[in-house]
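All remarks here apply to the structure that follows.
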2 protein chains.
Amino acid sequence: MHGMDISWDDLRTVLALVRGGTLAAAAQDLGVAYTTVARRIARVEAAMGVTLFERLADGYKPTETAKLVAEHAAQMEQSQDALLRGVSGRDKRLTGTLTITAPQLLIGPALGPAIDAFCKTYPEVRLDVRATNTPLDLTRREADLAIRISREPGDSLMGLRLVEQQTAAFAAPDVADRIAQDHQSPVDWLNYAAFEDVPKGIDSSWPNHRVRIRFDDMVAILGAAQAGLGVARVPFFLGRTTAGLVQVPVLPPQPYMDIWIVAHRDVWPSAKVTAFREILTTHMRANRGLYVA
Amino acid sequence: MHGMDISWDDLRTVLALVRGGTLAAAAQDLGVAYTTVARRIARVEAAMGVTLFERLADGYKPTETAKLVAEHAAQMEQSQDALLRGVSGRDKRLTGTLTITAPQLLIGPALGPAIDAFCKTYPEVRLDVRATNTPLDLTRREADLAIRISREPGDSLMGLRLVEQQTAAFAAPDVADRIAQDHQSPVDWLNYAAFEDVPKGIDSSWPNHRVRIRFDDMVAILGAAQAGLGVARVPFFLGRTTAGLVQVPVLPPQPYMDIWIVAHRDVWPSAKVTAFREILTTHMRANRGLYVA
DNA sequence: TCACGCATGTGCAATAATGCATGGTATGGA
DNA sequence: TCCATACCATGCATTATTGCACATGCGTGA
């Protein structure tokens, strides 16, 4: 009984294999060769005297026991995440790596100057920027700190509202001219994602609206607007900083989600996060006019 | 940030070192050489970029960070314990090892026949018996199953009352004779552990009592009683099965704690535990007369 | 039907981890 | 004061682990 001591790393391997389904997937997740995964699994099975996986043609199929193991190993993983967050949070050094994440389009015009200032002020800190469309999981330490466009920070996260935002309608200059001169001319909207209809709050002196194209990507919308394909409702900072776009008066400024800086409770007090937070709040608030009418 | 992946086994090593205080103690706990512990600690410190221990002449002194790490590693350990219990509990095989624990003195007269029967019925199961004075931690899997003398099974444990018990006074035959013939002769009690005074419920026709010696060990009490040093209050099964002791009428049968078989909830349904439980309940209940007047 | 992609299993060489032996240092008791 | 003890650090041979190259099996689509 006491002799049954199993390597914790082998348990983590079981977890990765249950999640990944195949040796290759688990191996990539763990950063080892798949043969290593196979051998570790065999070792755990021998140590516990249990069959954990059925070897099938299309991968390793976990038995009920393996699922049980994976469940508890996932708990261990959560503890490990909390551990690393805790260590990171009490780190008072301004050296090493800081990983931040932000929506792609926020990086350039909005964060660029702040990031530049941070790098100059703290040259010892290596900054890792992860620009993503889908938000990273700060609980699982995919990043130390996130800049997000949302209404509230999530659970167990701390947040600070950086600036308030508004949106307006933007288009290529010739499109804008045509619309400004002829109130009867049709306004072709370029919609983002799940927005089915033309924006609410449109100025009633322009009666002819229709949704022309829908996109799942904001970069594409900006490109289409630049190419003169239509009018897009975008945050002020984007419309103003994207070359070849001008504001169109069909849509008065609309309230939009604010920009937040968020981090996990445990990581929030870290020196690097604090330093970045201070520089960012300064820069963003100094330029708050960029984000509203 | 993502590169900061630390071996779970190394975290366990930190935990062991925080607990043990010295490399040697941690090494023994983990079953490795102490140099290995030192190297793993160095590796974790390098990977996290933090000093976890002060190297002192009399051992490794954990920093606050190390304590934090140990705290979370202890959580991981709890998850691992739960994992092993779960796997053990769903084990339907009647092979392998079963670890049981019981108070030293219960093993011989009370459990002996049942243990013998179990070994004969299930020769494929290797039985590990751990006779201890202080109860083992079933939550931490120090044993699969325990036979205990107590009023109730503990938290998160399942239990079954095997038999009820009574105590009485026992002594060497010559001491017993003297007391039986002369009600005025002094009765010298051999007390166990924390019992300060002579037992309650003594028959009033023997007026002269005193505590002669106190012991912290029941084996020693039985030896002293055999040697004629005095009268001891012991459970019936002990008094009756210890050579050279006879019952003394100064103390009518007293209620005592019952004998329980207990196991952790998770382990309880295991095939080996179930099998042992059934054989034991049968044997104990067939001999329930041994334990009471 | 055959080729292809994706999966697992195995043998071997490189690498990393480990245990052992040795040396150094502080502490406490004869 | 000297010795015994218990601790940590380092160098080296051994062992275990790992990655790579190659072989194999199975389902899918041209």
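Order determines the names: the first chain of the structure tokens is A, the second B, and so forth; residues in each chain are numbered 1 upward, and ligands are numbered 1 upward as they are shown.
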
>> Using only C-alpha atoms (C1' of nucleotides), which protein or nucleic acid residues come within 12 Å of DT8 of chain C? Drop anything in the same chain fewer than 2 positions from it, and give the result as a ChimeraX atom specification.
In response: /A:22-24,34-35,37-39,54-60 /C:6,10 /D:23-26

Can you write out the residues you just picked, keeping N, CA and C atoms (P, O5', C5', C4', C3', O3' and C1' of nucleotides), as an mmCIF file, in the first residue's frame?
data_model
loop_
_atom_site.group_PDB
_atom_site.id
_atom_site.type_symbol
_atom_site.label_atom_id
_atom_site.label_comp_id
_atom_site.auth_asym_id
_atom_site.auth_seq_id
_atom_site.Cartn_x
_atom_site.Cartn_y
_atom_site.Cartn_z
ATOM 1 N N THR A 22 -5.319 11.506 -27.828
ATOM 2 C CA THR A 22 -4.271 10.774 -28.536
ATOM 3 C C THR A 22 -2.921 11.066 -27.900
ATOM 4 N N LEU A 23 -1.990 10.156 -28.122
ATOM 5 C CA LEU A 23 -0.645 10.334 -27.577
ATOM 6 C C LEU A 23 -0.034 11.624 -28.101
ATOM 7 N N ALA A 24 -0.243 11.884 -29.396
ATOM 8 C CA ALA A 24 0.390 13.057 -30.000
ATOM 9 C C ALA A 24 -0.125 14.344 -29.356
ATOM 10 N N TYR A 34 5.765 11.809 -28.007
ATOM 11 C CA TYR A 34 4.595 10.989 -27.681
ATOM 12 C C TYR A 34 4.999 9.633 -27.131
ATOM 13 N N THR A 35 6.173 9.183 -27.498
ATOM 14 C CA THR A 35 6.608 7.902 -26.932
ATOM 15 C C THR A 35 6.750 8.008 -25.420
ATOM 16 N N VAL A 37 4.934 9.851 -23.495
ATOM 17 C CA VAL A 37 3.590 9.758 -22.929
ATOM 18 C C VAL A 37 3.186 8.295 -22.809
ATOM 19 N N ALA A 38 3.388 7.543 -23.894
ATOM 20 C CA ALA A 38 2.994 6.130 -23.882
ATOM 21 C C ALA A 38 3.677 5.380 -22.746
ATOM 22 N N ARG A 39 4.954 5.647 -22.569
ATOM 23 C CA ARG A 39 5.684 4.923 -21.521
ATOM 24 C C ARG A 39 5.243 5.337 -20.127
ATOM 25 N N GLU A 54 -8.014 2.095 -23.170
ATOM 26 C CA GLU A 54 -8.120 1.092 -24.223
ATOM 27 C C GLU A 54 -7.350 1.603 -25.429
ATOM 28 N N ARG A 55 -6.439 0.805 -25.916
ATOM 29 C CA ARG A 55 -5.684 1.195 -27.102
ATOM 30 C C ARG A 55 -6.518 0.919 -28.334
ATOM 31 N N LEU A 56 -7.010 1.958 -28.952
ATOM 32 C CA LEU A 56 -7.808 1.811 -30.162
ATOM 33 C C LEU A 56 -7.045 2.377 -31.351
ATOM 34 N N ALA A 57 -7.605 2.124 -32.517
ATOM 35 C CA ALA A 57 -6.937 2.577 -33.733
ATOM 36 C C ALA A 57 -6.879 4.099 -33.794
ATOM 37 N N ASP A 58 -7.917 4.754 -33.260
ATOM 38 C CA ASP A 58 -7.959 6.210 -33.392
ATOM 39 C C ASP A 58 -7.593 6.920 -32.095
ATOM 40 N N GLY A 59 -6.842 6.240 -31.233
ATOM 41 C CA GLY A 59 -6.384 6.915 -30.032
ATOM 42 C C GLY A 59 -6.572 6.096 -28.769
ATOM 43 N N TYR A 60 -6.213 6.699 -27.657
ATOM 44 C CA TYR A 60 -6.367 6.052 -26.355
ATOM 45 C C TYR A 60 -7.714 6.434 -25.774
ATOM 46 P P DC C 6 -2.844 14.145 -40.964
ATOM 47 O "O5'" DC C 6 -3.130 13.122 -39.774
ATOM 48 C "C5'" DC C 6 -4.429 12.548 -39.607
ATOM 49 C "C4'" DC C 6 -4.325 11.349 -38.714
ATOM 50 C "C3'" DC C 6 -3.452 11.575 -37.459
ATOM 51 O "O3'" DC C 6 -4.202 11.313 -36.293
ATOM 52 C "C1'" DC C 6 -2.937 9.521 -38.517
ATOM 53 P P DT C 10 5.777 -3.019 -28.283
ATOM 54 O "O5'" DT C 10 7.141 -2.663 -29.010
ATOM 55 C "C5'" DT C 10 7.397 -3.182 -30.318
ATOM 56 C "C4'" DT C 10 8.810 -2.827 -30.757
ATOM 57 C "C3'" DT C 10 9.886 -2.941 -29.676
ATOM 58 O "O3'" DT C 10 11.059 -3.497 -30.256
ATOM 59 C "C1'" DT C 10 9.944 -0.804 -30.626
ATOM 60 P P DA D 23 12.116 0.589 -41.614
ATOM 61 O "O5'" DA D 23 10.953 -0.172 -40.827
ATOM 62 C "C5'" DA D 23 11.274 -1.001 -39.702
ATOM 63 C "C4'" DA D 23 9.989 -1.490 -39.063
ATOM 64 C "C3'" DA D 23 8.923 -1.933 -40.070
ATOM 65 O "O3'" DA D 23 8.366 -3.186 -39.681
ATOM 66 C "C1'" DA D 23 8.024 -0.310 -38.605
ATOM 67 P P DT D 24 7.277 -3.873 -40.664
ATOM 68 O "O5'" DT D 24 5.901 -3.549 -39.930
ATOM 69 C "C5'" DT D 24 5.763 -3.794 -38.524
ATOM 70 C "C4'" DT D 24 4.399 -3.309 -38.067
ATOM 71 C "C3'" DT D 24 3.258 -3.662 -39.024
ATOM 72 O "O3'" DT D 24 2.295 -4.440 -38.338
ATOM 73 C "C1'" DT D 24 3.144 -1.390 -38.336
ATOM 74 P P DG D 25 1.095 -5.146 -39.167
ATOM 75 O "O5'" DG D 25 -0.182 -4.303 -38.743
ATOM 76 C "C5'" DG D 25 -0.457 -4.071 -37.362
ATOM 77 C "C4'" DG D 25 -1.606 -3.094 -37.231
ATOM 78 C "C3'" DG D 25 -2.774 -3.361 -38.185
ATOM 79 O "O3'" DG D 25 -3.994 -3.253 -37.471
ATOM 80 C "C1'" DG D 25 -2.010 -1.142 -38.465
ATOM 81 P P DC D 26 -5.333 -3.818 -38.111
ATOM 82 O "O5'" DC D 26 -6.186 -2.497 -38.333
ATOM 83 C "C5'" DC D 26 -6.277 -1.530 -37.283
ATOM 84 C "C4'" DC D 26 -6.863 -0.244 -37.821
ATOM 85 C "C3'" DC D 26 -7.985 -0.435 -38.849
ATOM 86 O "O3'" DC D 26 -9.080 0.372 -38.500
ATOM 87 C "C1'" DC D 26 -6.369 1.047 -39.688
#

> What residues in chain D have any atom no more than 10 Å from chain B when counting only C-alpha atoms (C1' of nucleotides), and can you write them as a list in words?
Replying inline: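 The contacting residues on chain D are DA6, DC7, DC8 and DA9 of chain D.
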
> Mind checking DSSP for segment 42-234 of chain B and telling me the strand (DSSP E or B) residues as a PyMOL selection string?
Replying inline: chain B and resi 53-56+59-62+96-102+125-131+145-149+157-171+187-192+209-215+231-234

Tell me, counting only C-alpha atoms, for each residue of chain A within 6 Å of chain B, which pair of atoms is nearest and how far apart they are in Å to one decimal, in rows ordered by chain and increasing number, as CSV.
residue,atom,partner,partner_atom,distance
A:Trp8,CA,B:Asp9,CA,5.5
A:Asp9,CA,B:Trp8,CA,5.5
A:Val69,CA,B:Leu83,CA,5.9
A:His72,CA,B:Leu83,CA,5.6
A:Met76,CA,B:Met76,CA,4.6
A:Ser79,CA,B:His72,CA,5.7
A:Leu83,CA,B:His72,CA,5.6

Report chain A as a short mmCIF file (atom, residue, chain, number, x, y, z; two decimals) with C-alpha atoms, in the first residue's frame in the frame of chain B, after least-squares superposition over all C-alpha atoms paired in order.
data_model
loop_
_atom_site.label_atom_id
_atom_site.label_comp_id
_atom_site.auth_asym_id
_atom_site.auth_seq_id
_atom_site.Cartn_x
_atom_site.Cartn_y
_atom_site.Cartn_z
CA MET A 1 5.41 32.63 -19.01
CA HIS A 2 4.30 29.46 -20.67
CA GLY A 3 7.83 28.21 -20.58
CA MET A 4 7.60 28.22 -16.79
CA ASP A 5 6.44 24.69 -16.45
CA ILE A 6 7.61 23.03 -13.33
CA SER A 7 7.68 19.37 -12.58
CA TRP A 8 4.93 18.40 -10.17
CA ASP A 9 7.33 16.04 -8.50
CA ASP A 10 9.63 18.96 -7.80
CA LEU A 11 6.75 20.77 -6.11
CA ARG A 12 6.20 17.71 -3.97
CA THR A 13 9.87 17.89 -3.07
CA VAL A 14 9.46 21.48 -1.91
CA LEU A 15 6.56 20.37 0.24
CA ALA A 16 8.59 17.58 1.79
CA LEU A 17 11.47 19.92 2.53
CA VAL A 18 9.25 22.56 4.11
CA ARG A 19 7.75 19.84 6.28
CA GLY A 20 10.99 18.09 7.14
CA GLY A 21 13.23 21.13 7.56
CA THR A 22 16.35 19.27 6.50
CA LEU A 23 17.45 17.61 3.29
CA ALA A 24 17.83 14.29 5.07
CA ALA A 25 14.32 14.33 6.52
CA ALA A 26 12.77 15.29 3.20
CA ALA A 27 14.81 12.64 1.42
CA GLN A 28 13.65 9.93 3.76
CA ASP A 29 10.07 11.03 3.35
CA LEU A 30 10.38 10.85 -0.42
CA GLY A 31 12.50 7.74 -0.50
CA VAL A 32 15.42 9.29 -2.36
CA ALA A 33 18.92 10.42 -1.51
CA TYR A 34 19.24 13.84 0.06
CA THR A 35 21.45 15.04 -2.74
CA THR A 36 18.51 14.50 -5.05
CA VAL A 37 16.38 16.72 -2.87
CA ALA A 38 19.01 19.46 -2.93
CA ARG A 39 19.25 19.34 -6.70
CA ARG A 40 15.49 19.35 -7.22
CA ILE A 41 15.14 22.38 -4.98
CA ALA A 42 17.86 24.15 -6.93
CA ARG A 43 16.03 23.28 -10.15
CA VAL A 44 12.71 24.65 -8.91
CA GLU A 45 14.35 27.85 -7.72
CA ALA A 46 15.99 28.30 -11.09
CA ALA A 47 12.76 27.60 -12.95
CA MET A 48 10.70 30.00 -10.86
CA GLY A 49 13.46 32.55 -10.46
CA VAL A 50 12.85 32.74 -6.73
CA THR A 51 14.79 31.82 -3.63
CA LEU A 52 12.77 29.27 -1.71
CA PHE A 53 15.11 28.37 1.13
CA GLU A 54 17.82 29.95 3.19
CA ARG A 55 20.69 27.54 3.54
CA LEU A 56 21.52 27.53 7.23
CA ALA A 57 23.82 25.41 9.30
CA ASP A 58 20.94 23.50 10.86
CA GLY A 59 18.88 22.97 7.75
CA TYR A 60 16.93 24.64 4.97
CA LYS A 61 14.76 27.46 6.27
CA PRO A 62 11.75 28.11 4.02
CA THR A 63 11.06 31.63 2.81
CA GLU A 64 7.53 33.03 2.72
CA THR A 65 7.35 32.06 -0.92
CA ALA A 66 8.29 28.50 -0.10
CA LYS A 67 5.55 28.34 2.48
CA LEU A 68 3.10 29.52 -0.16
CA VAL A 69 4.33 26.84 -2.53
CA ALA A 70 4.07 24.21 0.18
CA GLU A 71 0.54 25.27 0.98
CA HIS A 72 -0.63 24.68 -2.55
CA ALA A 73 1.44 21.55 -2.93
CA ALA A 74 -0.36 20.24 0.15
CA GLN A 75 -3.61 20.81 -1.69
CA MET A 76 -2.24 18.84 -4.59
CA GLU A 77 -1.32 16.09 -2.19
CA GLN A 78 -4.86 15.98 -0.86
CA SER A 79 -6.15 15.60 -4.39
CA GLN A 80 -3.69 12.81 -4.96
CA ASP A 81 -4.84 11.07 -1.80
CA ALA A 82 -8.44 11.34 -2.96
CA LEU A 83 -7.38 9.97 -6.32
CA LEU A 84 -5.73 6.92 -4.86
CA ARG A 85 -8.64 6.32 -2.52
CA GLY A 86 -11.02 6.50 -5.45
CA VAL A 87 -9.02 4.06 -7.52
CA SER A 88 -8.67 1.76 -4.55
CA GLY A 89 -12.39 1.96 -3.82
CA ARG A 90 -13.43 0.87 -7.26
CA ASP A 91 -10.95 -1.98 -7.30
CA LYS A 92 -12.98 -5.16 -7.75
CA ARG A 93 -10.10 -7.60 -7.65
CA LEU A 94 -9.32 -9.94 -4.80
CA THR A 95 -5.60 -9.82 -5.41
CA GLY A 96 -2.86 -7.46 -4.37
CA THR A 97 -2.28 -5.97 -0.96
CA LEU A 98 -4.75 -5.04 1.76
CA THR A 99 -3.45 -2.94 4.62
CA ILE A 100 -5.30 -3.06 7.89
CA THR A 101 -4.54 -1.44 11.20
CA ALA A 102 -5.64 -2.25 14.72
CA PRO A 103 -4.55 -1.67 18.29
CA GLN A 104 -1.76 -4.06 19.22
CA LEU A 105 -3.68 -6.01 21.81
CA LEU A 106 -6.69 -6.55 19.61
CA ILE A 107 -4.69 -8.42 17.02
CA GLY A 108 -4.09 -11.63 18.95
CA PRO A 109 -7.15 -12.90 20.75
CA ALA A 110 -9.82 -10.85 18.98
CA LEU A 111 -8.76 -10.63 15.36
CA GLY A 112 -6.43 -13.58 15.05
CA PRO A 113 -9.03 -16.15 13.93
CA ALA A 114 -10.67 -13.73 11.50
CA ILE A 115 -7.33 -12.81 9.98
CA ASP A 116 -6.48 -16.47 9.64
CA ALA A 117 -9.80 -17.19 7.95
CA PHE A 118 -9.33 -14.28 5.57
CA CYS A 119 -5.90 -15.44 4.48
CA LYS A 120 -7.20 -18.94 3.83
CA THR A 121 -10.25 -17.75 1.92
CA TYR A 122 -8.34 -15.23 -0.21
CA PRO A 123 -4.81 -16.57 -0.57
CA GLU A 124 -4.20 -14.15 -3.45
CA VAL A 125 -4.47 -11.16 -1.17
CA ARG A 126 -1.37 -10.16 0.70
CA LEU A 127 -2.38 -8.82 4.06
CA ASP A 128 -0.39 -6.03 5.68
CA VAL A 129 -1.15 -5.59 9.37
CA ARG A 130 -0.08 -2.42 11.06
CA ALA A 131 -0.40 -2.65 14.81
CA THR A 132 -0.20 0.83 16.27
CA ASN A 133 -0.97 2.65 19.46
CA THR A 134 -1.81 5.93 17.75
CA PRO A 135 -4.43 5.58 15.05
CA LEU A 136 -3.32 5.85 11.43
CA ASP A 137 -4.77 8.40 9.03
CA LEU A 138 -7.13 6.59 6.68
CA THR A 139 -7.67 9.79 4.71
CA ARG A 140 -4.00 9.85 3.83
CA ARG A 141 -4.17 6.18 2.94
CA GLU A 142 -1.89 4.99 5.70
CA ALA A 143 -4.16 1.95 5.80
CA ASP A 144 -7.20 0.74 3.87
CA LEU A 145 -9.16 -0.32 6.89
CA ALA A 146 -8.97 0.04 10.66
CA ILE A 147 -10.36 -1.83 13.62
CA ARG A 148 -10.84 0.67 16.38
CA ILE A 149 -12.04 0.84 19.91
CA SER A 150 -14.02 4.04 19.99
CA ARG A 151 -17.47 5.49 20.23
CA GLU A 152 -17.91 6.70 16.65
CA PRO A 153 -16.02 6.56 13.37
CA GLY A 154 -14.46 9.87 12.46
CA ASP A 155 -15.29 12.36 9.77
CA SER A 156 -15.68 11.11 6.21
CA LEU A 157 -15.18 7.59 7.48
CA MET A 158 -17.71 4.81 7.30
CA GLY A 159 -18.00 2.39 10.15
CA LEU A 160 -19.72 -0.71 11.39
CA ARG A 161 -20.09 -1.62 15.06
CA LEU A 162 -18.69 -5.15 15.44
CA VAL A 163 -19.38 -5.95 19.08
CA GLU A 164 -20.18 -4.22 22.33
CA GLN A 165 -17.68 -4.39 25.15
CA GLN A 166 -17.49 -4.33 28.90
CA THR A 167 -14.62 -4.11 31.31
CA ALA A 168 -14.02 -5.76 34.65
CA ALA A 169 -11.25 -6.14 37.21
CA PHE A 170 -8.57 -8.77 36.65
CA ALA A 171 -5.56 -9.86 38.69
CA ALA A 172 -3.21 -12.75 39.35
CA PRO A 173 -4.91 -15.71 41.09
CA ASP A 174 -3.21 -15.24 44.48
CA VAL A 175 -4.10 -11.56 44.56
CA ALA A 176 -7.65 -12.45 43.59
CA ASP A 177 -7.85 -15.05 46.36
CA ARG A 178 -6.63 -12.66 49.00
CA ILE A 179 -9.15 -10.04 47.97
CA ALA A 180 -12.01 -12.51 47.81
CA GLN A 181 -11.29 -13.83 51.32
CA ASP A 182 -10.54 -10.57 53.09
CA HIS A 183 -12.81 -7.72 52.15
CA GLN A 184 -10.73 -5.40 54.29
CA SER A 185 -7.48 -6.10 52.49
CA PRO A 186 -6.32 -3.18 50.34
CA VAL A 187 -7.03 -3.32 46.59
CA ASP A 188 -4.04 -1.95 44.65
CA TRP A 189 -5.09 -0.63 41.25
CA LEU A 190 -2.91 -0.53 38.15
CA ASN A 191 -4.24 2.40 36.19
CA TYR A 192 -4.04 3.13 32.49
CA ALA A 193 -2.87 6.44 31.10
CA ALA A 194 -4.83 9.47 32.17
CA PHE A 195 -7.08 7.76 34.68
CA GLU A 196 -6.25 9.47 37.95
CA ASP A 197 -8.52 7.65 40.34
CA VAL A 198 -9.76 4.16 41.06
CA PRO A 199 -12.59 3.09 38.73
CA LYS A 200 -16.10 4.29 39.32
CA GLY A 201 -18.72 1.69 40.16
CA ILE A 202 -16.64 -0.33 42.60
CA ASP A 203 -18.55 -2.83 44.77
CA SER A 204 -19.01 -1.13 48.15
CA SER A 205 -18.30 -4.31 50.09
CA TRP A 206 -14.59 -3.73 49.40
CA PRO A 207 -13.82 -0.39 51.07
CA ASN A 208 -10.03 -0.11 50.77
CA HIS A 209 -8.84 1.07 47.37
CA ARG A 210 -5.87 2.99 46.13
CA VAL A 211 -4.06 3.65 42.88
CA ARG A 212 -0.69 2.01 43.19
CA ILE A 213 0.96 2.53 39.79
CA ARG A 214 -0.01 4.32 36.60
CA PHE A 215 1.11 3.07 33.19
CA ASP A 216 1.02 4.56 29.72
CA ASP A 217 0.90 1.18 28.07
CA MET A 218 -1.65 -1.59 28.29
CA VAL A 219 0.84 -4.38 27.62
CA ALA A 220 2.77 -3.23 30.65
CA ILE A 221 -0.38 -3.23 32.77
CA LEU A 222 -1.13 -6.82 31.81
CA GLY A 223 2.43 -7.79 32.65
CA ALA A 224 2.23 -6.07 36.01
CA ALA A 225 -1.09 -7.72 36.80
CA GLN A 226 0.32 -11.12 35.86
CA ALA A 227 3.24 -10.46 38.20
CA GLY A 228 0.81 -9.87 41.01
CA LEU A 229 1.42 -6.14 41.36
CA GLY A 230 -2.26 -5.35 41.61
CA VAL A 231 -5.67 -5.24 40.03
CA ALA A 232 -6.34 -3.82 36.57
CA ARG A 233 -9.53 -2.75 34.88
CA VAL A 234 -9.35 -4.24 31.41
CA PRO A 235 -11.80 -5.25 28.69
CA PHE A 236 -13.20 -8.75 29.16
CA PHE A 237 -11.56 -10.19 26.08
CA LEU A 238 -8.14 -9.16 27.37
CA GLY A 239 -8.62 -10.34 30.89
CA ARG A 240 -9.99 -13.67 29.76
CA THR A 241 -7.36 -14.41 27.16
CA THR A 242 -4.33 -13.31 29.11
CA ALA A 243 -2.73 -16.27 30.86
CA GLY A 244 -2.41 -15.94 34.61
CA LEU A 245 -5.26 -13.50 35.12
CA VAL A 246 -8.60 -14.13 36.73
CA GLN A 247 -11.54 -11.89 37.29
CA VAL A 248 -11.87 -10.15 40.66
CA PRO A 249 -15.36 -9.38 41.95
CA VAL A 250 -14.49 -5.91 43.28
CA LEU A 251 -15.76 -4.27 40.10
CA PRO A 252 -19.03 -5.31 38.44
CA PRO A 253 -18.94 -5.27 34.62
CA GLN A 254 -18.71 -1.72 33.32
CA PRO A 255 -19.75 -0.45 29.89
CA TYR A 256 -16.85 0.29 27.59
CA MET A 257 -16.22 1.56 24.08
CA ASP A 258 -17.36 -0.77 21.32
CA ILE A 259 -15.20 -2.31 18.64
CA TRP A 260 -15.68 -0.79 15.21
CA ILE A 261 -14.44 -1.55 11.76
CA VAL A 262 -13.94 1.68 9.85
CA ALA A 263 -12.70 2.74 6.43
CA HIS A 264 -12.74 5.86 4.35
CA ARG A 265 -15.93 6.43 2.38
CA ASP A 266 -14.02 6.17 -0.89
CA VAL A 267 -12.28 2.92 -0.01
CA TRP A 268 -15.23 1.24 1.70
CA PRO A 269 -16.73 -0.33 -1.48
CA SER A 270 -13.45 -1.95 -2.53
CA ALA A 271 -13.69 -5.72 -2.99
CA LYS A 272 -10.88 -6.53 -0.59
CA VAL A 273 -12.24 -4.26 2.13
CA THR A 274 -15.72 -5.70 1.68
CA ALA A 275 -14.44 -9.25 1.85
CA PHE A 276 -12.46 -8.60 4.99
CA ARG A 277 -15.37 -6.79 6.55
CA GLU A 278 -17.72 -9.72 6.00
CA ILE A 279 -15.38 -12.30 7.44
CA LEU A 280 -14.61 -10.10 10.40
CA THR A 281 -18.22 -9.30 11.26
CA THR A 282 -19.08 -13.00 11.13
CA HIS A 283 -16.26 -14.00 13.43
CA MET A 284 -16.67 -11.18 15.89
CA ARG A 285 -20.41 -11.59 16.26
CA ALA A 286 -20.12 -15.32 16.64
CA ASN A 287 -17.83 -14.67 19.60
CA ARG A 288 -19.61 -11.69 21.03
CA GLY A 289 -19.80 -13.46 24.40
CA LEU A 290 -16.05 -13.00 24.72
CA TYR A 291 -16.44 -9.25 25.09
CA VAL A 292 -19.13 -8.97 27.73
CA ALA A 293 -19.92 -10.53 31.07
#

> Restricting the calculation to only C-alpha atoms (C1' of nucleotides), which member of C:DC4, C:DA21, C:DA13, C:DA26 is positioned closest to chain B?
Replying inline: C:DA26

> What gap, in Å, lies between atom C1' of DA17 of chain C and atom C1' of DT17 of chain D?
Replying inline: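 One can read the atom C1' of DA17 of chain C to atom C1' of DT17 of chain D distance as 8.0 Å.
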
Any chance you could tabulate, as a tab-separated table, the residues of chain C at most 10 Å from chain B with each one's nearest atom pair and distance in Å to one decimal, using only C-alpha atoms (C1' of nucleotides), in chain and rising number order?
residue	atom	partner	partner_atom	distance
C:DA17	C1'	B:Thr36	CA	8.3
C:DT18	C1'	B:Thr36	CA	6.6
C:DG19	C1'	B:Ala33	CA	6.4
C:DC20	C1'	B:Ala33	CA	9.3
C:DT25	C1'	B:Ala57	CA	7.7
C:DA26	C1'	B:Ala57	CA	6.2
C:DT27	C1'	B:Asp58	CA	9.0

>> I need the alpha helix (DSSP H) residues of segment 58-170 of chain A per DSSP on the backbone, written as a PyMOL selection string.
In response: chain A and resi 64-89+104-106+112-121
